[in-house]
>>> print(open('upload-v7.pdb').read())   # PDB, C-alpha atoms
ATOM      1  CA  MET A   1    -177.271 143.852 -56.499
ATOM      2  CA  LYS A   2    -173.484 143.597 -56.989
ATOM      3  CA  LYS A   3    -172.353 140.344 -58.580
ATOM      4  CA  VAL A   4    -169.345 138.669 -56.923
ATOM      5  CA  TRP A   5    -167.562 135.633 -58.344
ATOM      6  CA  ILE A   6    -165.459 133.682 -55.842
ATOM      7  CA  VAL A   7    -162.947 131.501 -57.672
ATOM      8  CA  GLY A   8    -161.723 128.617 -55.525
ATOM      9  CA  ALA A   9    -164.736 128.899 -53.254
ATOM     10  CA  GLY A  10    -163.948 125.659 -51.427
ATOM     11  CA  GLY A  11    -160.591 126.803 -50.044
ATOM     12  CA  HIS A  12    -159.717 128.546 -46.789
ATOM     13  CA  VAL A  13    -160.585 132.118 -47.728
ATOM     14  CA  GLY A  14    -163.289 131.175 -50.212
ATOM     15  CA  SER A  15    -165.119 129.209 -47.513
ATOM     16  CA  ALA A  16    -164.810 132.102 -45.066
ATOM     17  CA  LEU A  17    -166.181 134.534 -47.643
ATOM     18  CA  LYS A  18    -169.140 132.271 -48.421
ATOM     19  CA  GLU A  19    -170.027 132.213 -44.745
ATOM     20  CA  MET A  20    -169.646 135.954 -44.228
ATOM     21  CA  LEU A  21    -171.042 137.586 -47.382
ATOM     22  CA  ASP A  22    -174.690 138.609 -47.262
ATOM     23  CA  CYS A  23    -176.650 136.826 -49.997
ATOM     24  CA  MET A  24    -179.303 139.514 -49.724
ATOM     25  CA  LYS A  25    -176.715 142.138 -50.646
ATOM     26  CA  TYR A  26    -174.646 140.246 -53.238
ATOM     27  CA  LYS A  27    -175.381 137.794 -56.011
ATOM     28  CA  LEU A  28    -172.688 135.182 -55.423
ATOM     29  CA  TYR A  29    -171.116 132.957 -58.044
ATOM     30  CA  LEU A  30    -169.160 130.156 -56.367
ATOM     31  CA  THR A  31    -166.871 127.877 -58.351
ATOM     32  CA  ASP A  32    -164.031 125.421 -57.891
ATOM     33  CA  ILE A  33    -161.995 123.577 -60.486
ATOM     34  CA  ASN A  34    -164.868 121.203 -61.295
ATOM     35  CA  GLU A  35    -167.054 124.127 -62.348
ATOM     36  CA  VAL A  36    -164.449 126.487 -63.845
ATOM     37  CA  ASP A  37    -160.840 125.543 -64.545
ATOM     38  CA  VAL A  38    -159.123 128.930 -64.547
ATOM     39  CA  THR A  39    -156.147 127.536 -66.473
ATOM     40  CA  ASP A  40    -158.431 127.168 -69.515
ATOM     41  CA  ARG A  41    -158.871 130.627 -71.029
ATOM     42  CA  ASN A  42    -161.834 129.570 -73.172
ATOM     43  CA  ILE A  43    -163.768 128.286 -70.177
ATOM     44  CA  VAL A  44    -162.960 131.476 -68.236
ATOM     45  CA  HIS A  45    -164.070 133.596 -71.197
ATOM     46  CA  ARG A  46    -167.403 131.785 -71.513
ATOM     47  CA  TYR A  47    -168.125 131.934 -67.783
ATOM     48  CA  ILE A  48    -167.385 135.656 -67.476
ATOM     49  CA  THR A  49    -169.309 136.434 -70.652
ATOM     50  CA  ASN A  50    -172.357 134.638 -69.247
ATOM     51  CA  THR A  51    -172.217 135.982 -65.689
ATOM     52  CA  ARG A  52    -170.513 139.398 -66.077
ATOM     53  CA  PRO A  53    -169.471 139.757 -62.398
ATOM     54  CA  ASP A  54    -168.678 143.164 -60.919
ATOM     55  CA  VAL A  55    -165.984 141.731 -58.647
ATOM     56  CA  ILE A  56    -163.853 138.603 -59.116
ATOM     57  CA  ILE A  57    -162.078 137.207 -56.049
ATOM     58  CA  ASN A  58    -159.415 134.664 -56.971
ATOM     59  CA  CYS A  59    -158.841 132.316 -54.037
ATOM     60  CA  ALA A  60    -157.668 129.468 -56.285
ATOM     61  CA  GLY A  61    -154.069 128.323 -56.122
ATOM     62  CA  ILE A  62    -151.628 125.513 -55.464
ATOM     63  CA  THR A  63    -150.137 126.367 -52.071
ATOM     64  CA  ASP A  64    -148.281 123.139 -51.281
ATOM     65  CA  ILE A  65    -144.600 124.074 -51.594
ATOM     66  CA  ASP A  66    -143.454 120.500 -52.259
ATOM     67  CA  ILE A  67    -146.027 119.949 -55.020
ATOM     68  CA  CYS A  68    -144.978 123.226 -56.649
ATOM     69  CA  GLU A  69    -141.329 122.127 -56.623
ATOM     70  CA  GLN A  70    -142.197 118.699 -57.987
ATOM     71  CA  TYR A  71    -144.619 119.905 -60.669
ATOM     72  CA  PRO A  72    -143.548 123.400 -61.805
ATOM     73  CA  ASP A  73    -145.740 123.304 -64.927
ATOM     74  CA  LYS A  74    -148.793 122.707 -62.760
ATOM     75  CA  ALA A  75    -147.735 125.423 -60.311
ATOM     76  CA  TYR A  76    -147.347 128.020 -63.055
ATOM     77  CA  ALA A  77    -150.563 126.914 -64.786
ATOM     78  CA  VAL A  78    -152.712 127.458 -61.683
ATOM     79  CA  ASN A  79    -150.807 130.226 -59.888
ATOM     80  CA  ALA A  80    -149.811 132.304 -62.922
ATOM     81  CA  ILE A  81    -151.805 131.406 -66.037
ATOM     82  CA  GLY A  82    -155.055 131.264 -64.063
ATOM     83  CA  PRO A  83    -154.653 134.860 -62.845
ATOM     84  CA  ARG A  84    -153.629 135.890 -66.380
ATOM     85  CA  ASN A  85    -156.855 134.510 -67.807
ATOM     86  CA  LEU A  86    -158.917 136.188 -65.101
ATOM     87  CA  ALA A  87    -157.081 139.499 -65.599
ATOM     88  CA  VAL A  88    -157.727 139.566 -69.341
ATOM     89  CA  GLU A  89    -161.420 138.816 -68.959
ATOM     90  CA  ALA A  90    -161.897 141.129 -65.959
ATOM     91  CA  GLN A  91    -160.357 143.960 -67.973
ATOM     92  CA  SER A  92    -162.687 143.290 -70.892
ATOM     93  CA  ILE A  93    -165.803 143.895 -68.754
ATOM     94  CA  GLU A  94    -164.205 146.434 -66.362
ATOM     95  CA  ALA A  95    -164.646 144.134 -63.357
ATOM     96  CA  LYS A  96    -162.538 144.519 -60.240
ATOM     97  CA  LEU A  97    -160.125 141.606 -59.737
ATOM     98  CA  ILE A  98    -159.013 140.720 -56.205
ATOM     99  CA  GLN A  99    -156.087 138.297 -56.212
ATOM    100  CA  LEU A 100    -154.813 136.480 -53.119
ATOM    101  CA  SER A 101    -151.036 136.189 -52.982
ATOM    102  CA  THR A 102    -148.333 135.285 -50.500
ATOM    103  CA  ASP A 103    -145.356 136.336 -48.407
ATOM    104  CA  ASP A 104    -143.328 133.795 -50.416
ATOM    105  CA  VAL A 105    -142.783 136.434 -53.108
ATOM    106  CA  PHE A 106    -140.071 137.792 -50.781
ATOM    107  CA  ASP A 107    -136.678 136.230 -50.064
ATOM    108  CA  ALA A 108    -137.387 135.835 -46.311
ATOM    109  CA  VAL A 109    -133.977 137.146 -45.220
ATOM    110  CA  GLN A 110    -134.845 140.690 -44.188
ATOM    111  CA  GLU A 111    -134.641 141.650 -40.514
ATOM    112  CA  ARG A 112    -137.729 143.867 -40.501
ATOM    113  CA  PRO A 113    -141.283 143.294 -41.766
ATOM    114  CA  TYR A 114    -141.707 143.527 -45.540
ATOM    115  CA  ASN A 115    -144.000 146.303 -46.750
ATOM    116  CA  GLU A 116    -145.673 146.684 -50.139
ATOM    117  CA  PHE A 117    -142.846 148.860 -51.474
ATOM    118  CA  ASP A 118    -140.054 146.364 -50.799
ATOM    119  CA  SER A 119    -138.575 144.544 -53.787
ATOM    120  CA  VAL A 120    -139.686 140.965 -54.266
ATOM    121  CA  HIS A 121    -137.271 138.081 -54.734
ATOM    122  CA  PRO A 122    -139.037 134.701 -54.509
ATOM    123  CA  LYS A 123    -136.868 131.673 -53.776
ATOM    124  CA  THR A 124    -139.406 128.836 -53.929
ATOM    125  CA  MET A 125    -141.316 127.593 -56.970
ATOM    126  CA  TYR A 126    -144.498 128.463 -55.094
ATOM    127  CA  GLY A 127    -143.325 132.031 -54.575
ATOM    128  CA  LYS A 128    -142.099 132.346 -58.160
ATOM    129  CA  SER A 129    -145.371 131.097 -59.623
ATOM    130  CA  LYS A 130    -147.459 133.375 -57.394
ATOM    131  CA  TYR A 131    -145.325 136.373 -58.314
ATOM    132  CA  ALA A 132    -145.729 135.494 -61.994
ATOM    133  CA  GLY A 133    -149.480 135.652 -61.385
ATOM    134  CA  GLU A 134    -149.080 139.076 -59.785
ATOM    135  CA  LYS A 135    -147.098 140.290 -62.796
ATOM    136  CA  PHE A 136    -149.713 139.110 -65.271
ATOM    137  CA  ILE A 137    -152.383 140.983 -63.328
ATOM    138  CA  THR A 138    -150.433 144.235 -63.039
ATOM    139  CA  ASP A 139    -149.476 144.092 -66.728
ATOM    140  CA  LEU A 140    -152.873 143.137 -68.141
ATOM    141  CA  SER A 141    -155.438 144.919 -65.979
ATOM    142  CA  ASN A 142    -155.882 148.234 -64.211
ATOM    143  CA  ARG A 143    -158.736 147.471 -61.787
ATOM    144  CA  TYR A 144    -156.979 145.036 -59.482
ATOM    145  CA  VAL A 145    -156.166 144.431 -55.836
ATOM    146  CA  ILE A 146    -153.405 142.002 -54.899
ATOM    147  CA  ILE A 147    -153.543 140.925 -51.254
ATOM    148  CA  ARG A 148    -150.522 139.147 -49.817
ATOM    149  CA  SER A 149    -150.860 137.178 -46.599
ATOM    150  CA  SER A 150    -148.995 134.486 -44.665
ATOM    151  CA  TRP A 151    -149.524 131.209 -42.785
ATOM    152  CA  VAL A 152    -153.248 131.245 -43.575
ATOM    153  CA  TYR A 153    -155.387 128.675 -41.783
ATOM    154  CA  GLY A 154    -159.084 127.892 -41.838
ATOM    155  CA  THR A 155    -161.287 125.134 -43.237
ATOM    156  CA  GLY A 156    -159.245 122.165 -44.498
ATOM    157  CA  LYS A 157    -155.629 121.079 -44.289
ATOM    158  CA  ASP A 158    -153.184 123.578 -42.805
ATOM    159  CA  PHE A 159    -150.627 123.924 -40.006
ATOM    160  CA  VAL A 160    -153.278 124.196 -37.260
ATOM    161  CA  ASN A 161    -154.890 121.025 -38.517
ATOM    162  CA  THR A 162    -151.528 119.256 -38.825
ATOM    163  CA  VAL A 163    -150.513 120.025 -35.233
ATOM    164  CA  LEU A 164    -153.826 118.916 -33.732
ATOM    165  CA  GLU A 165    -154.010 115.767 -35.847
ATOM    166  CA  ALA A 166    -150.574 114.762 -34.537
ATOM    167  CA  VAL A 167    -152.011 114.573 -31.011
ATOM    168  CA  GLY A 168    -152.644 110.937 -30.169
ATOM    169  CA  LYS A 169    -150.685 109.743 -33.198
ATOM    170  CA  LYS A 170    -147.201 110.934 -32.265
ATOM    171  CA  SER A 171    -145.318 111.402 -29.011
ATOM    172  CA  GLU A 172    -143.519 114.436 -30.378
ATOM    173  CA  LEU A 173    -143.629 116.784 -33.345
ATOM    174  CA  GLU A 174    -140.576 118.607 -34.691
ATOM    175  CA  VAL A 175    -141.287 122.240 -35.527
ATOM    176  CA  SER A 176    -138.998 124.985 -36.823
ATOM    177  CA  VAL A 177    -137.833 127.493 -34.250
ATOM    178  CA  ASN A 178    -136.171 129.830 -36.766
ATOM    179  CA  SER A 179    -138.958 130.397 -39.311
ATOM    180  CA  TYR A 180    -140.986 133.549 -38.611
ATOM    181  CA  ALA A 181    -144.171 135.021 -40.078
ATOM    182  CA  SER A 182    -147.631 136.193 -39.022
ATOM    183  CA  PRO A 183    -150.265 133.441 -38.650
ATOM    184  CA  THR A 184    -153.479 134.721 -40.239
ATOM    185  CA  SER A 185    -156.938 133.206 -39.985
ATOM    186  CA  ALA A 186    -159.002 132.896 -43.145
ATOM    187  CA  LYS A 187    -161.794 134.758 -41.387
ATOM    188  CA  GLU A 188    -159.605 137.795 -40.660
ATOM    189  CA  LEU A 189    -158.252 137.745 -44.217
ATOM    190  CA  ALA A 190    -161.790 137.493 -45.596
ATOM    191  CA  LYS A 191    -162.761 140.593 -43.585
ATOM    192  CA  VAL A 192    -160.045 142.514 -45.426
ATOM    193  CA  VAL A 193    -161.139 141.150 -48.809
ATOM    194  CA  MET A 194    -164.711 142.231 -48.110
ATOM    195  CA  GLN A 195    -163.635 145.842 -47.692
ATOM    196  CA  PHE A 196    -162.315 145.849 -51.269
ATOM    197  CA  ILE A 197    -165.615 144.624 -52.696
ATOM    198  CA  GLU A 198    -167.156 147.990 -51.874
ATOM    199  CA  ASN A 199    -164.289 150.496 -51.857
ATOM    200  CA  ASP A 200    -162.425 152.154 -54.728
ATOM    201  CA  CYS A 201    -158.929 151.172 -53.581
ATOM    202  CA  PHE A 202    -156.581 149.428 -56.002
ATOM    203  CA  GLY A 203    -153.004 148.133 -55.930
ATOM    204  CA  ILE A 204    -150.945 145.801 -53.751
ATOM    205  CA  TYR A 205    -151.767 145.301 -50.073
ATOM    206  CA  HIS A 206    -150.466 143.161 -47.241
ATOM    207  CA  ALA A 207    -153.038 141.676 -44.883
ATOM    208  CA  VAL A 208    -151.787 139.628 -41.942
ATOM    209  CA  CYS A 209    -152.808 139.341 -38.330
ATOM    210  CA  LYS A 210    -150.894 141.690 -36.052
ATOM    211  CA  GLY A 211    -147.719 140.406 -34.450
ATOM    212  CA  SER A 212    -145.480 137.534 -35.487
ATOM    213  CA  CYS A 213    -143.984 134.318 -34.152
ATOM    214  CA  SER A 214    -141.942 131.270 -35.039
ATOM    215  CA  ARG A 215    -143.541 128.037 -36.219
ATOM    216  CA  TYR A 216    -142.608 126.598 -32.823
ATOM    217  CA  GLU A 217    -144.418 129.374 -30.940
ATOM    218  CA  PHE A 218    -147.375 128.972 -33.286
ATOM    219  CA  ALA A 219    -147.583 125.236 -32.540
ATOM    220  CA  LEU A 220    -147.482 125.805 -28.774
ATOM    221  CA  GLU A 221    -150.260 128.396 -28.996
ATOM    222  CA  ILE A 222    -152.385 125.974 -31.023
ATOM    223  CA  LEU A 223    -152.060 123.277 -28.356
ATOM    224  CA  LYS A 224    -152.648 125.769 -25.564
ATOM    225  CA  ASN A 225    -155.944 126.921 -27.072
ATOM    226  CA  ALA A 226    -157.019 123.341 -27.771
ATOM    227  CA  ASP A 227    -156.109 122.358 -24.193
ATOM    228  CA  LYS A 228    -153.744 119.654 -25.447
ATOM    229  CA  MET A 229    -150.384 120.933 -24.183
ATOM    230  CA  ASP A 230    -149.752 117.773 -22.146
ATOM    231  CA  GLN A 231    -150.665 115.344 -24.918
ATOM    232  CA  ILE A 232    -147.702 115.823 -27.245
ATOM    233  CA  VAL A 233    -144.177 117.235 -27.102
ATOM    234  CA  ILE A 234    -143.350 120.006 -29.554
ATOM    235  CA  LYS A 235    -139.640 119.703 -30.263
ATOM    236  CA  PRO A 236    -137.946 122.912 -31.455
ATOM    237  CA  VAL A 237    -135.543 122.362 -34.361
ATOM    238  CA  GLU A 238    -133.481 124.772 -36.415
ATOM    239  CA  THR A 239    -133.952 124.457 -40.143
ATOM    240  CA  GLU A 240    -130.851 124.686 -42.316
ATOM    241  CA  LYS A 241    -131.909 128.079 -43.567
ATOM    242  CA  GLY A 242    -134.109 130.070 -41.241
ATOM    243  CA  SER A 243    -136.670 132.425 -42.716
ATOM    244  CA  TYR A 244    -138.247 135.747 -41.813
ATOM    245  CA  SER A 245    -141.239 136.683 -43.922
ATOM    246  CA  VAL A 246    -143.235 138.880 -41.569
ATOM    247  CA  LEU A 247    -145.407 141.307 -43.538
ATOM    248  CA  ASP A 248    -146.265 144.908 -42.670
ATOM    249  CA  ASN A 249    -149.833 146.071 -43.445
ATOM    250  CA  MET A 250    -148.568 149.509 -44.449
ATOM    251  CA  MET A 251    -151.027 150.132 -47.291
ATOM    252  CA  LEU A 252    -154.050 149.189 -45.192
ATOM    253  CA  ARG A 253    -152.957 151.775 -42.625
ATOM    254  CA  ILE A 254    -152.240 154.456 -45.234
ATOM    255  CA  ASP A 255    -155.670 153.990 -46.840
ATOM    256  CA  GLY A 256    -157.415 153.911 -43.457
ATOM    257  CA  LEU A 257    -158.684 150.348 -43.875
ATOM    258  CA  THR A 258    -159.272 147.916 -41.034
ATOM    259  CA  GLU A 259    -156.379 145.535 -40.329
ATOM    260  CA  PRO A 260    -156.736 141.941 -39.116
ATOM    261  CA  CYS A 261    -156.691 141.497 -35.349
ATOM    262  CA  GLU A 262    -153.767 140.183 -33.277
ATOM    263  CA  TRP A 263    -152.757 136.653 -34.274
ATOM    264  CA  LYS A 264    -153.285 135.008 -30.870
ATOM    265  CA  MET A 265    -156.789 136.443 -30.655
ATOM    266  CA  ALA A 266    -157.673 135.185 -34.145
ATOM    267  CA  LEU A 267    -156.290 131.723 -33.385
ATOM    268  CA  LYS A 268    -158.207 131.499 -30.104
ATOM    269  CA  GLU A 269    -161.450 132.389 -31.880
ATOM    270  CA  HIS A 270    -160.805 129.866 -34.661
ATOM    271  CA  ILE A 271    -160.102 126.935 -32.342
ATOM    272  CA  ALA A 272    -162.989 127.830 -30.031
ATOM    273  CA  LYS A 273    -165.318 127.651 -33.019
ATOM    274  CA  THR A 274    -163.926 124.656 -34.882
ATOM    275  CA  GLY A 275    -161.574 122.781 -32.591
ATOM    276  CA  GLY A 276    -159.109 123.245 -35.438
ATOM    277  CA  LEU A 277    -160.159 119.928 -36.961
ATOM    278  CA  VAL A 278    -162.478 120.625 -39.880
TER
END
>>> encode(input="upload-v7.pdb", output="structure tokens")
Amino acid sequence: MKKVWIVGAGGHVGSALKEMLDCMKYKLYLTDINEVDVTDRNIVHRYITNTRPDVIINCAGITDIDICEQYPDKAYAVNAIGPRNLAVEAQSIEAKLIQLSTDDVFDAVQERPYNEFDSVHPKTMYGKSKYAGEKFITDLSNRYVIIRSSWVYGTGKDFVNTVLEAVGKKSELEVSVNSYASPTSAKELAKVVMQFIENDCFGIYHAVCKGSCSRYEFALEILKNADKMDQIVIKPVETEKGSYSVLDNMMLRIDGLTEPCEWKMALKEHIAKTGGLV
């Protein structure tokens, strides 16, 4: 039975993986910061020495852009040093390390989707800290998969949750009309991660739902699926600096792996199941 350690098991993708992975097929180790603080290399060393997982899936991270800007030491500790510690220990026992990363490693100014061979140039502290984590992994281990995604939503606080919680509390919600990416459900992202548990593919991959939209279009689609279009006004606003961080799943296609479904389909399924408020 293959042993799989999910780090950050209480987050969006970690929760989706817990729900989807077969406990009869895998021995699962599920931890959050209270069980294993990945920023502490001694704790990571002891845990891996005791459990010796075959696959480590790192879903842990500080994703709040404002918190990362306000507390850069904390951002780098969790988003960079944590992956470093996992990479060192994974290498020592020849475990496969699957790291979740982000579209924020790019500069968001390109006019076509970013593929895995495009140069990175993070502008935010969040993007910089996540890219530092990627670098540690590529420098310190050779059995790794880095999966970049965008606008991930699932269990807990996220944009879907924010839009639906505004209903009944606000008459209108201002949403950017010039920020573009690919909304991706945690379930669809988890499906991609699961493929790497069993296969022998390594390297950097993009995994986003097919298609793209603006934040404004995303918000409207959320309300449409929740049947709340008439309960709040979504006001389109232009941010000072628009962004385009749509990702291209080129490596998934090249390796013949299954891509996430179309973003509207994934969103419809998510809201039908959860109401978006979980």
>>> resolve_selection(input="upload-v7.pdb", expression="the PyMOL selection byres ((chain A and resi 124-135) around 7)", output="list of chain:residue names")
A:Thr63, A:Ile65, A:Cys68, A:Glu69, A:Pro72, A:Ala75, A:Tyr76, A:Asn79, A:Ala80, A:Ile81, A:Pro83, A:Arg84, A:Ser101, A:Asp104, A:Val105, A:Pro122, A:Lys123, A:Phe136, A:Ile137, A:Thr138, A:Asp139
>>> write_last_selection(input="upload-v7.pdb", atoms="C-alpha atoms", output="PDB file, in the coordinates of the input")
ATOM      1  CA  THR A  63    -150.137 126.367 -52.071  1.00  0.00           C
ATOM      2  CA  ILE A  65    -144.600 124.074 -51.594  1.00  0.00           C
ATOM      3  CA  CYS A  68    -144.978 123.226 -56.649  1.00  0.00           C
ATOM      4  CA  GLU A  69    -141.329 122.127 -56.623  1.00  0.00           C
ATOM      5  CA  PRO A  72    -143.548 123.400 -61.805  1.00  0.00           C
ATOM      6  CA  ALA A  75    -147.735 125.423 -60.311  1.00  0.00           C
ATOM      7  CA  TYR A  76    -147.347 128.020 -63.055  1.00  0.00           C
ATOM      8  CA  ASN A  79    -150.807 130.226 -59.888  1.00  0.00           C
ATOM      9  CA  ALA A  80    -149.811 132.304 -62.922  1.00  0.00           C
ATOM     10  CA  ILE A  81    -151.805 131.406 -66.037  1.00  0.00           C
ATOM     11  CA  PRO A  83    -154.653 134.860 -62.845  1.00  0.00           C
ATOM     12  CA  ARG A  84    -153.629 135.890 -66.380  1.00  0.00           C
ATOM     13  CA  SER A 101    -151.036 136.189 -52.982  1.00  0.00           C
ATOM     14  CA  ASP A 104    -143.328 133.795 -50.416  1.00  0.00           C
ATOM     15  CA  VAL A 105    -142.783 136.434 -53.108  1.00  0.00           C
ATOM     16  CA  PRO A 122    -139.037 134.701 -54.509  1.00  0.00           C
ATOM     17  CA  LYS A 123    -136.868 131.673 -53.776  1.00  0.00           C
ATOM     18  CA  PHE A 136    -149.713 139.110 -65.271  1.00  0.00           C
ATOM     19  CA  ILE A 137    -152.383 140.983 -63.328  1.00  0.00           C
ATOM     20  CA  THR A 138    -150.433 144.235 -63.039  1.00  0.00           C
ATOM     21  CA  ASP A 139    -149.476 144.092 -66.728  1.00  0.00           C
TER      22      ASP A 139
END
>>> resolve_selection(input="upload-v7.pdb", expression="the PyMOL selection byres ((chain A and resi 13-26) around 8)", output="PyMOL selection string")
chain A and resi 1-4+6-12+27-28+59+154-155+186-187+189-190+194
>>> residues_near_point(input="upload-v7.pdb", point="(-151.9, 117.8, -38.7)", cutoff="12 Å", atoms="all atoms listed in the file", output="list in words")
Tyr153, Gly156, Lys157, Asp158, Phe159, Val160, Asn161, Thr162, Val163, Leu164, Glu165, Ala166, Val167, Gly168, Lys169, Lys170, Leu173, Val175, Ala219, Ile222, Leu223, Gly276, Leu277 and Val278 of chain A
>>> closest_residue(input="upload-v7.pdb", among="A:Tyr71, A:Tyr144, A:Trp151, A:Tyr244", to="Val88 in chain A", atoms="only C-alpha atoms")
A:Tyr144
>>> resolve_selection(input="upload-v7.pdb", expression="the PyMOL selection byres ((chain A and resi 115) around 7)", output="CSV table (one decimal) with C-alpha atoms, keeping the file's coordinate frame")
chain,number,residue,atom,x,y,z
A,113,PRO,CA,-141.3,143.3,-41.8
A,114,TYR,CA,-141.7,143.5,-45.5
A,116,GLU,CA,-145.7,146.7,-50.1
A,117,PHE,CA,-142.8,148.9,-51.5
A,118,ASP,CA,-140.1,146.4,-50.8
A,247,LEU,CA,-145.4,141.3,-43.5
A,248,ASP,CA,-146.3,144.9,-42.7
A,249,ASN,CA,-149.8,146.1,-43.4
A,250,MET,CA,-148.6,149.5,-44.4
>>> closest_residue(input="upload-v7.pdb", among="A:Thr274, A:Thr239, A:Asn85, A:Asn199", to="Ser176 in chain A", atoms="all atoms listed in the file")
A:Thr239
>>> atom_distance(input="upload-v7.pdb", atom1="CA of Glu188 in chain A", atom2="CA of Ile271 in chain A")
13.7 Å
